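Undergrad: Data: structure11.cif, mmCIF, C-alpha atoms.
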data_final
loop_
_atom_site.label_atom_id
_atom_site.label_comp_id
_atom_site.auth_asym_id
_atom_site.auth_seq_id
_atom_site.Cartn_x
_atom_site.Cartn_y
_atom_site.Cartn_z
CA MET P 1 43.07 15.04 -30.34
CA GLU P 2 43.92 11.51 -31.48
CA GLU P 3 43.19 10.17 -27.99
CA ASN P 4 39.78 11.86 -28.00
CA ASN P 5 38.96 10.43 -31.41
CA PHE P 6 39.60 6.96 -30.04
CA PHE P 7 36.53 7.29 -27.83
CA SER P 8 34.24 8.03 -30.78
CA ILE P 9 31.99 5.12 -31.74
CA LYS P 10 32.68 6.00 -35.38
CA ASN P 11 36.21 4.65 -34.93
CA TRP P 12 35.13 1.31 -33.50
CA ASN P 13 34.93 -1.91 -35.46
CA GLU P 14 31.58 -2.07 -37.25
CA ASP P 15 30.45 -5.08 -35.21
CA ASP P 16 31.04 -3.12 -32.00
CA ARG P 17 28.97 -0.09 -32.98
CA PRO P 18 25.55 -0.33 -31.30
CA ARG P 19 23.49 0.78 -34.30
CA GLU P 20 25.32 -1.44 -36.75
CA LYS P 21 25.26 -4.30 -34.26
CA LEU P 22 21.48 -3.98 -33.96
CA VAL P 23 21.08 -4.09 -37.75
CA LEU P 24 23.46 -7.03 -38.19
CA LYS P 25 22.60 -9.14 -35.15
CA GLY P 26 19.19 -7.95 -33.98
CA HIS P 27 18.12 -5.92 -30.94
CA THR P 28 18.43 -8.85 -28.51
CA ALA P 29 22.18 -9.02 -29.14
CA LEU P 30 22.72 -5.60 -27.56
CA SER P 31 23.44 -5.02 -23.89
CA ASP P 32 21.43 -2.51 -21.89
CA ALA P 33 24.32 -0.06 -22.11
CA GLU P 34 24.49 -0.40 -25.90
CA LEU P 35 20.75 0.26 -26.22
CA ILE P 36 21.05 3.36 -24.06
CA ALA P 37 24.07 4.44 -26.13
CA ILE P 38 21.84 4.43 -29.21
CA LEU P 39 19.41 6.71 -27.38
CA ILE P 40 22.02 9.27 -26.34
CA SER P 41 23.98 8.96 -29.63
CA SER P 42 27.23 10.36 -28.25
CA GLY P 43 29.20 10.56 -25.05
CA SER P 44 31.65 13.24 -23.97
CA ARG P 45 35.06 14.22 -25.37
CA ASN P 46 36.80 11.56 -23.31
CA GLU P 47 34.16 8.88 -23.08
CA SER P 48 32.14 6.90 -25.61
CA ALA P 49 28.35 6.70 -25.47
CA VAL P 50 28.57 3.04 -24.44
CA SER P 51 31.04 3.76 -21.64
CA LEU P 52 28.90 6.64 -20.40
CA SER P 53 25.83 4.40 -20.48
CA GLN P 54 27.68 1.71 -18.52
CA ARG P 55 28.63 4.28 -15.91
CA ILE P 56 25.05 5.51 -15.56
CA LEU P 57 23.77 1.94 -15.22
CA ALA P 58 26.42 1.13 -12.61
CA THR P 59 25.07 3.86 -10.33
CA VAL P 60 21.65 2.14 -10.26
CA GLY P 61 23.04 -1.36 -9.83
CA ASN P 62 22.43 -2.15 -13.53
CA ASN P 63 18.72 -2.17 -12.72
CA LEU P 64 16.49 -0.72 -15.44
CA SER P 65 13.61 -0.23 -13.00
CA GLU P 66 15.88 1.98 -10.89
CA LEU P 67 17.05 3.80 -14.01
CA GLY P 68 13.40 4.55 -14.79
CA ARG P 69 13.11 6.35 -11.45
CA LEU P 70 15.80 8.91 -12.29
CA SER P 71 14.71 12.46 -13.05
CA ILE P 72 16.11 14.81 -15.67
CA SER P 73 18.24 16.52 -13.02
CA ASP P 74 19.52 13.14 -11.77
CA LEU P 75 20.70 12.22 -15.27
CA LYS P 76 22.21 15.62 -16.02
CA ILE P 77 24.72 15.05 -13.23
CA PHE P 78 26.64 12.78 -15.63
CA LYS P 79 29.08 14.59 -17.86
CA GLY P 80 27.89 14.17 -21.44
CA ILE P 81 24.18 14.04 -20.54
CA GLY P 82 22.30 17.24 -21.23
CA GLU P 83 18.58 17.85 -21.00
CA ALA P 84 17.81 16.43 -24.46
CA LYS P 85 19.63 13.15 -23.77
CA ALA P 86 18.06 12.88 -20.32
CA ILE P 87 14.61 13.33 -21.85
CA SER P 88 15.37 10.60 -24.42
CA ILE P 89 16.29 8.13 -21.67
CA ILE P 90 13.23 8.98 -19.58
CA ALA P 91 10.94 8.69 -22.62
CA ALA P 92 12.39 5.27 -23.48
CA MET P 93 11.92 4.04 -19.90
CA GLU P 94 8.31 5.23 -19.94
CA LEU P 95 7.63 3.52 -23.27
CA GLY P 96 8.96 0.28 -21.79
CA ARG P 97 6.68 0.66 -18.78
CA ARG P 98 3.66 1.35 -21.00
CA ARG P 99 4.46 -1.63 -23.20
CA ARG P 100 4.46 -3.88 -20.16
CA ALA P 101 1.19 -2.33 -19.00
CA GLY P 102 -0.29 -2.86 -22.47
CA GLU P 103 0.69 -6.52 -22.46
CA ALA P 104 -1.02 -6.90 -19.10
CA LEU P 105 -4.16 -5.25 -20.43
CA GLU P 106 -4.47 -8.01 -23.02
CA ARG P 107 -4.89 -10.54 -20.21
CA LYS P 108 -8.19 -9.18 -19.00
CA LYS P 109 -9.57 -12.29 -17.33
CA ILE P 110 -8.70 -12.46 -13.66
CA SER P 111 -8.05 -15.97 -12.41
CA SER P 112 -5.89 -15.39 -9.34
CA SER P 113 -4.27 -12.76 -7.18
CA ASN P 114 -1.13 -13.14 -9.30
CA SER P 115 -3.04 -12.19 -12.44
CA VAL P 116 -4.19 -9.04 -10.65
CA PHE P 117 -0.59 -8.28 -9.73
CA GLU P 118 0.57 -8.74 -13.33
CA TYR P 119 -2.17 -6.39 -14.47
CA ILE P 120 -1.75 -3.56 -11.98
CA GLN P 121 1.94 -3.68 -11.00
CA PRO P 122 3.14 -1.89 -14.15
CA VAL P 123 0.72 0.92 -13.33
CA ILE P 124 1.42 1.55 -9.65
CA GLY P 125 4.23 -0.75 -8.52
CA GLU P 126 7.07 1.72 -8.97
CA LEU P 127 5.37 4.99 -8.03
CA PRO P 128 6.94 7.19 -5.31
CA HIS P 129 3.47 8.08 -4.00
CA GLU P 130 0.43 6.03 -3.05
CA GLU P 131 -2.46 5.44 -5.45
CA PHE P 132 -5.67 3.49 -4.95
CA TRP P 133 -7.17 1.67 -7.96
CA ILE P 134 -10.33 -0.33 -8.55
CA LEU P 135 -10.77 -3.14 -11.07
CA TYR P 136 -14.41 -3.61 -12.12
CA LEU P 137 -15.28 -7.18 -13.19
CA ASN P 138 -18.22 -8.80 -14.96
CA ASN P 139 -19.66 -12.21 -14.10
CA SER P 140 -16.92 -13.94 -16.14
CA ASN P 141 -14.21 -12.30 -14.03
CA LYS P 142 -13.17 -10.18 -16.98
CA ILE P 143 -12.13 -6.62 -16.33
CA ILE P 144 -14.66 -4.11 -17.60
CA LYS P 145 -12.62 -1.15 -16.49
CA SER P 146 -9.79 -0.18 -14.19
CA ALA P 147 -9.72 3.26 -12.64
CA GLN P 148 -7.68 5.34 -10.25
CA LEU P 149 -9.90 6.26 -7.35
CA SER P 150 -7.46 8.41 -5.44
CA LYS P 151 -3.91 9.64 -5.35
CA GLY P 152 -2.12 10.62 -2.19
CA GLY P 153 1.18 11.21 -0.56
CA ILE P 154 3.55 8.52 0.53
CA THR P 155 1.76 8.28 3.89
CA GLY P 156 -1.67 7.37 2.58
CA THR P 157 -4.62 8.06 0.36
CA ILE P 158 -8.34 8.75 0.72
CA VAL P 159 -10.96 6.56 -0.93
CA ASP P 160 -14.52 7.69 -1.68
CA VAL P 161 -16.72 4.63 -1.09
CA ARG P 162 -19.77 6.19 -2.76
CA LEU P 163 -17.81 7.00 -5.90
CA THR P 164 -16.48 3.44 -6.00
CA PHE P 165 -19.91 1.85 -6.14
CA LYS P 166 -21.48 4.54 -8.30
CA GLU P 167 -19.01 3.58 -11.03
CA ALA P 168 -19.62 -0.14 -10.40
CA LEU P 169 -23.37 0.28 -10.84
CA GLN P 170 -22.97 2.34 -13.99
CA LEU P 171 -20.69 -0.32 -15.49
CA GLY P 172 -22.88 -3.21 -14.43
CA ALA P 173 -20.00 -4.78 -12.50
CA VAL P 174 -20.74 -7.75 -10.25
CA GLY P 175 -17.37 -7.71 -8.51
CA ILE P 176 -14.54 -5.34 -7.73
CA ILE P 177 -10.90 -5.79 -6.79
CA LEU P 178 -9.10 -3.14 -4.75
CA ALA P 179 -5.42 -2.39 -5.23
CA HIS P 180 -3.05 0.17 -3.86
CA ASN P 181 0.70 0.50 -3.68
CA HIS P 182 3.01 0.89 -0.72
CA PRO P 183 5.97 3.04 -1.86
CA SER P 184 7.77 2.09 1.35
CA GLY P 185 8.00 -1.49 0.06
CA THR P 186 6.25 -3.03 3.05
CA LEU P 187 3.61 -5.66 2.33
CA LYS P 188 1.98 -5.57 5.75
CA PRO P 189 -1.52 -4.05 5.62
CA SER P 190 -2.07 -1.10 7.89
CA GLN P 191 -5.04 -0.84 10.21
CA SER P 192 -6.58 1.70 7.85
CA ASP P 193 -6.13 -0.75 4.94
CA ILE P 194 -8.03 -3.39 6.91
CA GLN P 195 -10.79 -1.01 7.98
CA LEU P 196 -11.24 0.35 4.45
CA THR P 197 -11.51 -3.19 3.04
CA LYS P 198 -14.22 -4.06 5.55
CA LYS P 199 -16.04 -0.81 4.83
CA LEU P 200 -16.07 -1.44 1.07
CA LYS P 201 -17.05 -5.08 1.53
CA THR P 202 -20.03 -4.12 3.71
CA ALA P 203 -21.14 -1.44 1.26
CA GLY P 204 -20.82 -3.88 -1.65
CA GLU P 205 -22.93 -6.54 0.04
CA SER P 206 -25.95 -4.25 0.18
CA LEU P 207 -25.63 -3.68 -3.58
CA ASP P 208 -24.84 -7.32 -4.42
CA ILE P 209 -21.37 -6.32 -5.63
CA LYS P 210 -18.60 -8.50 -4.22
CA VAL P 211 -15.23 -7.26 -3.10
CA LEU P 212 -13.19 -10.16 -4.47
CA ASP P 213 -9.76 -9.10 -3.24
CA HIS P 214 -7.59 -6.24 -2.06
CA LEU P 215 -3.96 -6.24 -3.10
CA ILE P 216 -1.10 -4.25 -1.66
CA ILE P 217 1.44 -3.79 -4.45
CA THR P 218 5.16 -3.14 -4.30
CA GLU P 219 7.74 -3.21 -7.07
CA LYS P 220 8.27 -6.98 -7.01
CA ALA P 221 5.68 -8.50 -4.69
CA TYR P 222 2.14 -8.25 -3.38
CA PHE P 223 -0.11 -9.04 -0.44
CA SER P 224 -3.56 -10.47 -1.14
CA PHE P 225 -6.36 -10.12 1.42
CA ALA P 226 -8.20 -13.01 -0.26
CA ASP P 227 -5.18 -15.32 -0.18
CA GLU P 228 -4.69 -14.57 3.50
CA ASN P 229 -8.41 -15.15 4.29
CA MET P 230 -8.85 -11.56 5.42
CA LEU P 231 -12.00 -10.82 3.42
#
What would the structure in this file look like if it were written as structure tokens?
TA:
Amino acid sequence: MEENNFFSIKNWNEDDRPREKLVLKGHTALSDAELIAILISSGSRNESAVSLSQRILATVGNNLSELGRLSISDLKIFKGIGEAKAISIIAAMELGRRRRAGEALERKKISSSNSVFEYIQPVIGELPHEEFWILYLNNSNKIIKSAQLSKGGITGTIVDVRLTFKEALQLGAVGIILAHNHPSGTLKPSQSDIQLTKKLKTAGESLDIKVLDHLIITEKAYFSFADENML
């Protein structure tokens, strides 16, 4: 019993307890494991919440993006993590993703392919399936609206050209930027990617709506049709 009590955070020095440490030193002083320990509150009989959190992180290479990919069942494999704790971790990861997306939304003016990547990567960069999005821009290159046009399996997605330009006309957009993710991680455009870009560009020309770029997005990088002179 005494050995088990040793693992309880309550018996640690106050400076070493995650909650107290956050209050005394601020949230930036905590490690990723300590922040997760606050979420799950307790570990198991023989392991502290911090130690359990360190073990979970070790299985994903201490990569929070990879941690965010884990499902409830993935997390429940760890002794000491039940459904409630798994849900808490997943909710925290999703809040972090949405915060990043919200910060990107504040930078609505598009000045380069990199600014497009910063805007759309938090939305589709880590998805296990493919999604196709359109950014609608005004004449100042500011985003009027971004919208998911289609959602498909990992092998591809279908885009409705008519729906794309119907929305553009309704919004009064003068330019659009295409973006879709490659869950496989490859940045090389497929033949269908190239054909679709040409098809949308041709359709846009007749309506005086420019296709400014088409980005292929992965978790950490992107391919720009405009940068590669493929438009």
Undergrad: So that each row is one residue of range 187-226 of chain P with an atom at most 10 Å from range 132-138 of chain P, can you give its shortest atom pair and the distance in Å to one decimal, using only C-alpha atoms, rows by chain and rising number, as a Markdown table?
TA:
| residue | atom | partner | partner_atom | distance |
| --- | --- | --- | --- | --- |
| P:Ile209 | CA | P:Leu137 | CA | 9.7 |
| P:Lys210 | CA | P:Leu137 | CA | 9.7 |
| P:Val211 | CA | P:Tyr136 | CA | 9.8 |
| P:Leu212 | CA | P:Leu137 | CA | 9.4 |
| P:Asp213 | CA | P:Leu135 | CA | 9.9 |
| P:His214 | CA | P:Ile134 | CA | 9.2 |
| P:Leu215 | CA | P:Trp133 | CA | 9.8 |
| P:Ile216 | CA | P:Phe132 | CA | 9.6 |
Undergrad: The selected residues should be written to file as a PDB file, keeping the file's coordinate frame (atoms: C-alpha atoms).
TA:
ATOM      1  CA  ILE P 209     -21.370  -6.320  -5.630  1.00  0.00           C
ATOM      2  CA  LYS P 210     -18.600  -8.500  -4.220  1.00  0.00           C
ATOM      3  CA  VAL P 211     -15.230  -7.260  -3.100  1.00  0.00           C
ATOM      4  CA  LEU P 212     -13.190 -10.160  -4.470  1.00  0.00           C
ATOM      5  CA  ASP P 213      -9.760  -9.100  -3.240  1.00  0.00           C
ATOM      6  CA  HIS P 214      -7.590  -6.240  -2.060  1.00  0.00           C
ATOM      7  CA  LEU P 215      -3.960  -6.240  -3.100  1.00  0.00           C
ATOM      8  CA  ILE P 216      -1.100  -4.250  -1.660  1.00  0.00           C
TER       9      ILE P 216
END
Undergrad: What would the selection look like, as a PyMOL selection string, if the PyMOL selection byres ((chain P and resi 86) around 9) were run on the coordinates I just shared?
TA: chain P and resi 40+71-76+81-85+87-91
Undergrad: Compile the contact shell of Met230 in chain P as a ChimeraX atom specification: residues with an atom at most 10 Å away, counting all atoms listed in the file, same-chain residues fewer than 3 positions apart removed.
TA: /P:194,197-198,213-214,224-227
Undergrad: Go through P:Asn114, P:Ser48, P:Gln54, P:Gln148 one by one, measure the shortest atom-to-atom distance of each to Asp160 in chain P using all atoms listed in the file, and give the residue with the smallest value.
TA: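 Smallest distance to Asp160 in chain P is found for P:Gln148.
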Undergrad: Between CA of Val161 in chain P and CA of Gln191 in chain P, what is the distance in Å, rounded to a tenth?
TA: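 CA of Val161 in chain P sits 17.1 Å away from CA of Gln191 in chain P.
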Undergrad: So how many Å separate CA of Leu24 in chain P and CA of Asn46 in chain P, to one decimal?
TA: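 Going from CA of Leu24 in chain P over to CA of Asn46 in chain P covers 27.3 Å.
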Undergrad: Taking only C-alpha atoms into account, name the residue in P:Ser51, P:Gly96, P:Ser146, P:Val123 that is nearest to Ser31 in chain P.
TA: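 Closest candidate: P:Ser51.
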Undergrad: Residues proximal to (31.8, 13.5, -22.3) were defined as those with any atom within 10 Å of that point in the file's coordinates, counting only C-alpha atoms. Which are they, as a PyMOL selection string?
TA: chain P and resi 4+7+42-49+51-52+78-81
Undergrad: What is the distance between CA of Asn229 in chain P and CA of Ser112 in chain P, in Å to one decimal?
TA: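 That distance, rounded to one decimal, is 13.9 Å.
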Undergrad: Reconstruct N, CA and C atoms of range 55-85 of chain P from the incomplete input and present them as a PDB file, in the coordinates of the input.
TA:
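And here's result26.pdb as it stands now:
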ATOM      1  N   ARG P  55      28.394   3.567 -17.166  1.00  0.00           N
ATOM      2  CA  ARG P  55      28.630   4.280 -15.910  1.00  0.00           C
ATOM      3  C   ARG P  55      27.300   4.690 -15.266  1.00  0.00           C
ATOM      4  N   ILE P  56      26.370   5.132 -16.087  1.00  0.00           N
ATOM      5  CA  ILE P  56      25.050   5.510 -15.560  1.00  0.00           C
ATOM      6  C   ILE P  56      24.363   4.286 -14.960  1.00  0.00           C
ATOM      7  N   LEU P  57      24.411   3.167 -15.694  1.00  0.00           N
ATOM      8  CA  LEU P  57      23.770   1.940 -15.220  1.00  0.00           C
ATOM      9  C   LEU P  57      24.414   1.438 -13.924  1.00  0.00           C
ATOM     10  N   ALA P  58      25.715   1.602 -13.808  1.00  0.00           N
ATOM     11  CA  ALA P  58      26.420   1.130 -12.610  1.00  0.00           C
ATOM     12  C   ALA P  58      25.927   1.837 -11.357  1.00  0.00           C
ATOM     13  N   THR P  59      25.531   3.107 -11.496  1.00  0.00           N
ATOM     14  CA  THR P  59      25.070   3.860 -10.330  1.00  0.00           C
ATOM     15  C   THR P  59      23.700   3.392  -9.834  1.00  0.00           C
ATOM     16  N   VAL P  60      22.962   2.661 -10.673  1.00  0.00           N
ATOM     17  CA  VAL P  60      21.650   2.140 -10.260  1.00  0.00           C
ATOM     18  C   VAL P  60      21.683   0.613 -10.164  1.00  0.00           C
ATOM     19  N   GLY P  61      22.895   0.082  -9.995  1.00  0.00           N
ATOM     20  CA  GLY P  61      23.040  -1.360  -9.830  1.00  0.00           C
ATOM     21  C   GLY P  61      22.661  -2.142 -11.073  1.00  0.00           C
ATOM     22  N   ASN P  62      22.800  -1.511 -12.256  1.00  0.00           N
ATOM     23  CA  ASN P  62      22.430  -2.150 -13.530  1.00  0.00           C
ATOM     24  C   ASN P  62      20.972  -2.611 -13.541  1.00  0.00           C
ATOM     25  N   ASN P  63      20.138  -1.855 -12.844  1.00  0.00           N
ATOM     26  CA  ASN P  63      18.720  -2.170 -12.720  1.00  0.00           C
ATOM     27  C   ASN P  63      17.913  -1.158 -13.525  1.00  0.00           C
ATOM     28  N   LEU P  64      17.239  -1.627 -14.582  1.00  0.00           N
ATOM     29  CA  LEU P  64      16.490  -0.720 -15.440  1.00  0.00           C
ATOM     30  C   LEU P  64      15.305  -0.086 -14.730  1.00  0.00           C
ATOM     31  N   SER P  65      14.721  -0.803 -13.772  1.00  0.00           N
ATOM     32  CA  SER P  65      13.610  -0.230 -13.000  1.00  0.00           C
ATOM     33  C   SER P  65      14.102   0.983 -12.211  1.00  0.00           C
ATOM     34  N   GLU P  66      15.297   0.858 -11.636  1.00  0.00           N
ATOM     35  CA  GLU P  66      15.880   1.980 -10.890  1.00  0.00           C
ATOM     36  C   GLU P  66      16.256   3.115 -11.834  1.00  0.00           C
ATOM     37  N   LEU P  67      16.725   2.775 -13.020  1.00  0.00           N
ATOM     38  CA  LEU P  67      17.050   3.800 -14.010  1.00  0.00           C
ATOM     39  C   LEU P  67      15.796   4.598 -14.362  1.00  0.00           C
ATOM     40  N   GLY P  68      14.663   3.892 -14.459  1.00  0.00           N
ATOM     41  CA  GLY P  68      13.400   4.550 -14.790  1.00  0.00           C
ATOM     42  C   GLY P  68      12.923   5.518 -13.729  1.00  0.00           C
ATOM     43  N   ARG P  69      13.496   5.447 -12.534  1.00  0.00           N
ATOM     44  CA  ARG P  69      13.110   6.350 -11.450  1.00  0.00           C
ATOM     45  C   ARG P  69      13.869   7.674 -11.497  1.00  0.00           C
ATOM     46  N   LEU P  70      14.970   7.708 -12.258  1.00  0.00           N
ATOM     47  CA  LEU P  70      15.800   8.910 -12.290  1.00  0.00           C
ATOM     48  C   LEU P  70      15.090  10.061 -12.986  1.00  0.00           C
ATOM     49  N   SER P  71      15.299  11.247 -12.464  1.00  0.00           N
ATOM     50  CA  SER P  71      14.710  12.460 -13.050  1.00  0.00           C
ATOM     51  C   SER P  71      15.688  13.078 -14.048  1.00  0.00           C
ATOM     52  N   ILE P  72      15.239  14.095 -14.733  1.00  0.00           N
ATOM     53  CA  ILE P  72      16.110  14.810 -15.670  1.00  0.00           C
ATOM     54  C   ILE P  72      17.338  15.351 -14.942  1.00  0.00           C
ATOM     55  N   SER P  73      17.123  15.952 -13.775  1.00  0.00           N
ATOM     56  CA  SER P  73      18.240  16.520 -13.020  1.00  0.00           C
ATOM     57  C   SER P  73      19.201  15.434 -12.529  1.00  0.00           C
ATOM     58  N   ASP P  74      18.655  14.261 -12.180  1.00  0.00           N
ATOM     59  CA  ASP P  74      19.520  13.140 -11.770  1.00  0.00           C
ATOM     60  C   ASP P  74      20.450  12.738 -12.912  1.00  0.00           C
ATOM     61  N   LEU P  75      19.912  12.665 -14.122  1.00  0.00           N
ATOM     62  CA  LEU P  75      20.700  12.220 -15.270  1.00  0.00           C
ATOM     63  C   LEU P  75      21.692  13.284 -15.737  1.00  0.00           C
ATOM     64  N   LYS P  76      21.340  14.534 -15.572  1.00  0.00           N
ATOM     65  CA  LYS P  76      22.210  15.620 -16.020  1.00  0.00           C
ATOM     66  C   LYS P  76      23.480  15.753 -15.178  1.00  0.00           C
ATOM     67  N   ILE P  77      23.516  15.046 -14.062  1.00  0.00           N
ATOM     68  CA  ILE P  77      24.720  15.050 -13.230  1.00  0.00           C
ATOM     69  C   ILE P  77      25.899  14.426 -13.987  1.00  0.00           C
ATOM     70  N   PHE P  78      25.583  13.475 -14.886  1.00  0.00           N
ATOM     71  CA  PHE P  78      26.640  12.780 -15.630  1.00  0.00           C
ATOM     72  C   PHE P  78      27.167  13.667 -16.766  1.00  0.00           C
ATOM     73  N   LYS P  79      28.463  13.806 -16.796  1.00  0.00           N
ATOM     74  CA  LYS P  79      29.080  14.590 -17.860  1.00  0.00           C
ATOM     75  C   LYS P  79      28.790  13.932 -19.202  1.00  0.00           C
ATOM     76  N   GLY P  80      28.264  14.709 -20.137  1.00  0.00           N
ATOM     77  CA  GLY P  80      27.890  14.170 -21.440  1.00  0.00           C
ATOM     78  C   GLY P  80      26.392  13.998 -21.593  1.00  0.00           C
ATOM     79  N   ILE P  81      25.653  14.149 -20.484  1.00  0.00           N
ATOM     80  CA  ILE P  81      24.180  14.040 -20.540  1.00  0.00           C
ATOM     81  C   ILE P  81      23.577  15.418 -20.288  1.00  0.00           C
ATOM     82  N   GLY P  82      23.018  15.978 -21.349  1.00  0.00           N
ATOM     83  CA  GLY P  82      22.300  17.240 -21.230  1.00  0.00           C
ATOM     84  C   GLY P  82      20.814  16.964 -21.117  1.00  0.00           C
ATOM     85  N   GLU P  83      20.026  18.004 -21.164  1.00  0.00           N
ATOM     86  CA  GLU P  83      18.580  17.850 -21.000  1.00  0.00           C
ATOM     87  C   GLU P  83      17.964  16.989 -22.097  1.00  0.00           C
ATOM     88  N   ALA P  84      18.383  17.181 -23.342  1.00  0.00           N
ATOM     89  CA  ALA P  84      17.810  16.430 -24.460  1.00  0.00           C
ATOM     90  C   ALA P  84      18.065  14.928 -24.315  1.00  0.00           C
ATOM     91  N   LYS P  85      19.298  14.567 -23.945  1.00  0.00           N
ATOM     92  CA  LYS P  85      19.630  13.150 -23.770  1.00  0.00           C
ATOM     93  C   LYS P  85      18.891  12.558 -22.566  1.00  0.00           C
TER      94      LYS P  85
END
